[in-house]
Each structure stands twice: as structure tokens, then as C-alpha cells.
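Colleague: If it helps, the file is called query.txt and holds compact mmCIF, C-alpha atoms:
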# COMPACT_ATOMS: atom_id res chain seq x y z
CA MET B 1 0.00 0.00 0.00
CA ASN B 2 1.51 3.33 -0.99
CA SER B 3 1.35 6.48 1.15
CA TYR B 4 -1.01 8.21 -1.30
CA SER B 5 -3.78 5.71 -0.54
CA LEU B 6 -3.53 6.65 3.16
CA LYS B 7 -4.02 10.36 2.49
CA LYS B 8 -7.29 11.73 3.83
CA THR B 9 -9.48 13.96 1.69
CA LYS B 10 -9.70 17.30 3.48
CA ILE B 11 -12.98 19.20 3.33
CA LEU B 12 -13.34 22.75 4.64
CA VAL B 13 -16.78 24.26 5.31
CA VAL B 14 -16.77 28.07 5.04
CA CYS B 15 -19.46 30.38 6.40
CA LYS B 16 -19.63 33.87 7.82
CA ASN B 17 -19.02 33.44 11.58
CA ASN B 18 -18.41 29.70 12.16
CA TYR B 19 -20.88 29.73 15.02
CA THR B 20 -24.06 28.13 13.68
CA ARG B 21 -24.19 26.85 10.09
CA GLY B 22 -20.54 25.84 9.62
CA PRO B 23 -20.34 23.75 12.79
CA LEU B 24 -23.66 22.06 11.93
CA VAL B 25 -22.45 21.04 8.46
CA GLU B 26 -19.05 20.02 9.85
CA LYS B 27 -20.60 17.70 12.47
CA VAL B 28 -23.01 16.08 9.99
CA LEU B 29 -20.24 15.45 7.45
CA GLU B 30 -17.92 14.09 10.17
CA LYS B 31 -20.52 11.55 11.25
CA ASN B 32 -21.49 10.50 7.71
CA LEU B 33 -18.07 10.21 6.09
CA PRO B 34 -15.48 7.55 6.98
CA LYS B 35 -12.99 9.04 9.45
CA ASP B 36 -10.14 7.06 7.93
CA LYS B 37 -10.70 8.73 4.54
CA PHE B 38 -11.95 12.25 5.33
CA LEU B 39 -10.93 15.14 7.56
CA ILE B 40 -13.63 17.81 8.01
CA THR B 41 -13.16 21.31 9.43
CA SER B 42 -15.07 24.57 9.31
CA ALA B 43 -14.08 28.23 9.47
CA GLY B 44 -15.67 31.65 9.21
CA VAL B 45 -14.59 34.77 7.35
CA GLU B 46 -15.48 36.91 10.40
CA ILE B 47 -15.24 35.76 13.96
CA LEU B 48 -17.21 38.25 16.00
CA ASN B 49 -16.68 36.62 19.36
CA ASN B 50 -15.15 33.62 21.02
CA LYS B 51 -18.46 31.96 21.77
CA LEU B 52 -18.82 28.24 21.54
CA ILE B 53 -21.25 26.65 19.11
CA ASP B 54 -24.68 28.30 19.00
CA PRO B 55 -26.89 26.67 21.68
CA LYS B 56 -29.81 26.18 19.24
CA THR B 57 -27.45 24.48 16.79
CA GLU B 58 -26.06 22.23 19.50
CA GLN B 59 -29.59 21.35 20.64
CA PHE B 60 -30.65 20.60 17.05
CA LEU B 61 -27.60 18.40 16.41
CA ILE B 62 -28.14 16.40 19.60
CA TYR B 63 -31.84 15.94 18.81
CA GLN B 64 -30.91 14.69 15.31
CA GLY B 65 -28.40 12.19 16.74
CA TYR B 66 -25.21 14.21 16.24
CA PRO B 67 -23.82 14.67 19.75
CA ILE B 68 -21.14 17.28 20.30
CA ASN B 69 -18.28 15.26 21.81
CA SER B 70 -15.85 18.11 22.25
CA ILE B 71 -15.89 21.83 22.84
CA PHE B 72 -16.31 23.65 19.55
CA LYS B 73 -14.53 26.97 19.15
CA PRO B 74 -15.11 29.11 16.01
CA LYS B 75 -12.11 29.28 13.69
CA LYS B 76 -11.18 32.20 11.43
CA LEU B 77 -10.58 31.37 7.78
CA THR B 78 -6.97 31.71 6.64
CA ALA B 79 -5.26 31.51 3.26
CA MET B 80 -3.40 28.43 4.52
CA MET B 81 -6.71 26.67 5.21
CA LEU B 82 -7.83 27.39 1.66
CA LYS B 83 -4.57 26.05 0.28
CA ASN B 84 -4.41 22.90 2.44
CA ASN B 85 -7.93 21.57 1.83
CA ASP B 86 -8.99 19.46 -1.14
CA HIS B 87 -12.59 20.71 -1.23
CA ILE B 88 -14.09 23.90 0.10
CA LEU B 89 -17.85 23.99 0.67
CA VAL B 90 -18.97 27.61 0.86
CA LEU B 91 -22.33 28.36 2.47
CA ASP B 92 -22.86 31.87 1.05
CA HIS B 93 -22.92 33.15 -2.55
CA GLY B 94 -21.17 36.40 -1.57
CA ILE B 95 -18.33 34.60 0.20
CA TYR B 96 -18.08 32.12 -2.68
CA ASP B 97 -17.77 34.93 -5.24
CA ASP B 98 -15.25 36.81 -3.08
CA LEU B 99 -13.03 33.74 -2.56
CA LYS B 100 -13.18 32.90 -6.25
CA LYS B 101 -12.08 36.42 -7.15
CA ARG B 102 -9.37 36.79 -4.48
CA PHE B 103 -7.94 33.25 -4.71
CA SER B 104 -8.22 32.22 -8.35
CA ASP B 105 -5.69 29.41 -7.79
CA ILE B 106 -8.20 27.53 -5.58
CA SER B 107 -11.34 28.15 -7.65
CA LYS B 108 -11.57 24.47 -8.68
CA LYS B 109 -11.74 23.46 -5.00
CA LEU B 110 -14.65 25.81 -4.27
CA LYS B 111 -18.15 24.36 -4.22
CA LEU B 112 -21.27 26.33 -3.38
CA PHE B 113 -23.18 24.45 -0.67
CA ASN B 114 -26.45 25.90 -2.05
CA SER B 115 -30.03 25.62 -0.83
CA PRO B 116 -33.45 24.36 -1.85
CA GLU B 117 -33.56 27.35 -4.22
CA PRO B 118 -30.54 26.95 -6.55
CA ASP B 119 -29.82 30.69 -6.77
CA ASN B 120 -29.83 31.26 -3.01
CA SER B 121 -27.73 30.34 -0.03
CA ILE B 122 -29.14 28.97 3.21
CA HIS B 123 -29.09 32.04 5.45
CA LEU B 124 -29.75 32.12 9.15
CA ASN B 125 -30.71 35.19 11.10
CA HIS B 126 -30.88 34.76 14.85
CA ASN B 127 -33.87 37.13 14.92
CA MET B 128 -35.90 34.55 12.97
CA SER B 129 -38.68 32.66 14.67
CA ASP B 130 -37.75 29.31 16.21
CA ASP B 131 -39.76 27.56 13.46
CA ASN B 132 -37.78 29.32 10.72
CA ILE B 133 -34.47 28.58 12.46
CA GLU B 134 -35.44 24.91 12.66
CA LEU B 135 -36.35 24.91 8.95
CA VAL B 136 -32.95 26.40 8.09
CA MET B 137 -31.21 23.78 10.19
CA LYS B 138 -33.19 20.98 8.55
CA ASN B 139 -32.17 22.32 5.12
CA LEU B 140 -28.52 22.38 6.26
CA LEU B 141 -28.85 18.79 7.49
CA PHE B 142 -30.48 17.69 4.22
CA PHE B 143 -27.81 19.26 2.02
CA SER B 144 -25.02 18.00 4.29
CA LEU B 145 -26.26 14.45 3.79
CA ILE B 146 -26.33 14.98 0.02
CA TRP B 147 -22.73 16.27 0.13
CA ALA B 148 -21.69 13.28 2.27
CA ASP B 149 -23.10 10.92 -0.36
CA TYR B 150 -21.39 12.92 -3.11
CA PHE B 151 -18.00 12.56 -1.42
CA LYS B 152 -18.55 8.89 -0.48
CA LEU B 153 -19.32 8.09 -4.10
CA GLY B 154 -16.04 9.70 -5.11
CA LYS B 155 -17.63 12.36 -7.32
CA SER B 156 -15.03 14.80 -6.08
Please express what this file holds, its structure, as C-alpha cells.
Modeller:
Amino acid sequence: MNSYSLKKTKILVVCKNNYTRGPLVEKVLEKNLPKDKFLITSAGVEILNNKLIDPKTEQFLIYQGYPINSIFKPKKLTAMMLKNNDHILVLDHGIYDDLKKRFSDISKKLKLFNSPEPDNSIHLNHNMSDDNIELVMKNLLFFSLIWADYFKLGKS
């Protein structure tokens, strides 16, 4: 067995703050992709505070069977992260467009996470009603499972 076959595929999930959506997608992908073949991380373009994972996100993940086994701390996106990952799932159109423009050398790694409406991203506003927040989280879960299947099937 050569060393290349032991290399893990690295997937980076990029969102705005790495507090709610990014950690949710990261945890779902981690649970649904083989740990011996994939390494999943998430990061945000702006870290506004040093909070842990959003409590509603943590509650949703636990309810859906995705327990949080360790303390999650938001990570700020760096150029090195972009360079060192094989695939970059971006949760926002604006961030996707900005990264594509600023880092043309990684544009083939960038993939728009998307939403039920192909021309929109899945946005979350903490001023939304609890029902709308839950709907957003269910959409994130749904698309995360689709991405997990995509990567498991080797379509990358």
C-alpha cells in the first residue's frame, strides 16, 4: 500500500461566523463520512466573538443524533486553510464569489453548498422565529447528507 492511498481527503466548510451553520455542516459530514478517509473542518470569514457553538445548533444536532463530543470553538478562515484543503464547501454566494475572485488558484476546489432554491444560499438570522431557524437547520442537514453521499461516491 503506498502512502497516497492513506491520504485523507480534506474538506473545509466556510461560512460567515463559524458559530451556527458551519459547525452544523461540519458535524453532519464528520458523522457520515469515513474518518479514515476524510478530515472535516469549518471556518468563518469573520469571527465576531469567542463563543462556543450556537446553543440552538447544538440542541438541534443532539436531537438529530449528532452529539457534540468536544468543545467547539469558532475558527477564522486563513489563506493556509484554503490552500491545504482538497474541497471547500462555501455556504454563502457572496463569500463564494469573493473567494473565487481573491484566490483564483483555488477556484476548482470551491463548491457552493447551495439551498433548496438553486440561486440562493441557506441564510440564518438569529432574529428569525424558532420555526424558521429549525427549517434552516433541517435544510442544512439535508444538504449536508447529500454532500456526504457525493463525497462517499467519489464524485469529487
Colleague: Mind giving me the straight-line distance from CA of Ile11 (chain B) to CA of Leu48 (chain B) in Å, one decimal?
Modeller: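 For CA of Ile11 (chain B) relative to CA of Leu48 (chain B), the distance reads 23.3 Å.
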Colleague: I'd like the interatomic distance between CA of Asp97 (chain B) and CA of Ala43 (chain B), to a tenth of an Å.
Modeller: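 Between these atoms lies a distance of 16.6 Å.
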Colleague: Pick out the closest residue to Asn18 (chain B) from this set: B:Gly65, B:Pro74, B:Pro55, B:Pro34. Count only C-alpha atoms.
Modeller: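 Going through B:Gly65, B:Pro74, B:Pro55, B:Pro34 one by one, the smallest distance to Asn18 (chain B) is for B:Pro74.
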Colleague: Could you check the closest approach to Ile122 (chain B) for each of B:Ile53, B:Cys15, B:Ile40, B:Val45 and tell me which residue wins, using all atoms listed in the file?
Modeller: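 Of B:Ile53, B:Cys15, B:Ile40, B:Val45, the one nearest Ile122 (chain B) is B:Cys15, counting all atoms listed in the file.
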Colleague: Got a sec: who's within 12 Å of Asn139 (chain B), counting only C-alpha atoms, leaving out chain neighbours fewer than 2 positions off, as number ranges by chain?
Modeller: B: 21, 24-25, 91, 113-117, 121-124, 132-137, 141-146
Colleague: At a cut-off of 9 Å, using all atoms listed in the file, what residues contact His87 (chain B)? Leave out same-chain residues fewer than 5 positions from it and give the result as JSON, numbers by chain.
Modeller: {"B": [9, 10, 11, 12, 13, 82, 108, 109, 110, 111, 156]}
Colleague: To one decimal place, how far is CA of Asn125 (chain B) from CA of Leu89 (chain B) in Å?
Modeller: 20.0 Å
Colleague: Have a look at B:Tyr66, B:Phe103, B:Trp147, B:Tyr96 and name the one nearest to Lys83 (chain B); count all atoms listed in the file.
Modeller: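 Smallest distance to Lys83 (chain B) is found for B:Phe103.
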Colleague: Find, counting all atoms listed in the file, the residue in B:Asp98, B:Glu46, B:Asp86, B:Asp149 that gets nearest to Lys16 (chain B).
Modeller: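 Nearest to Lys16 (chain B): B:Glu46.
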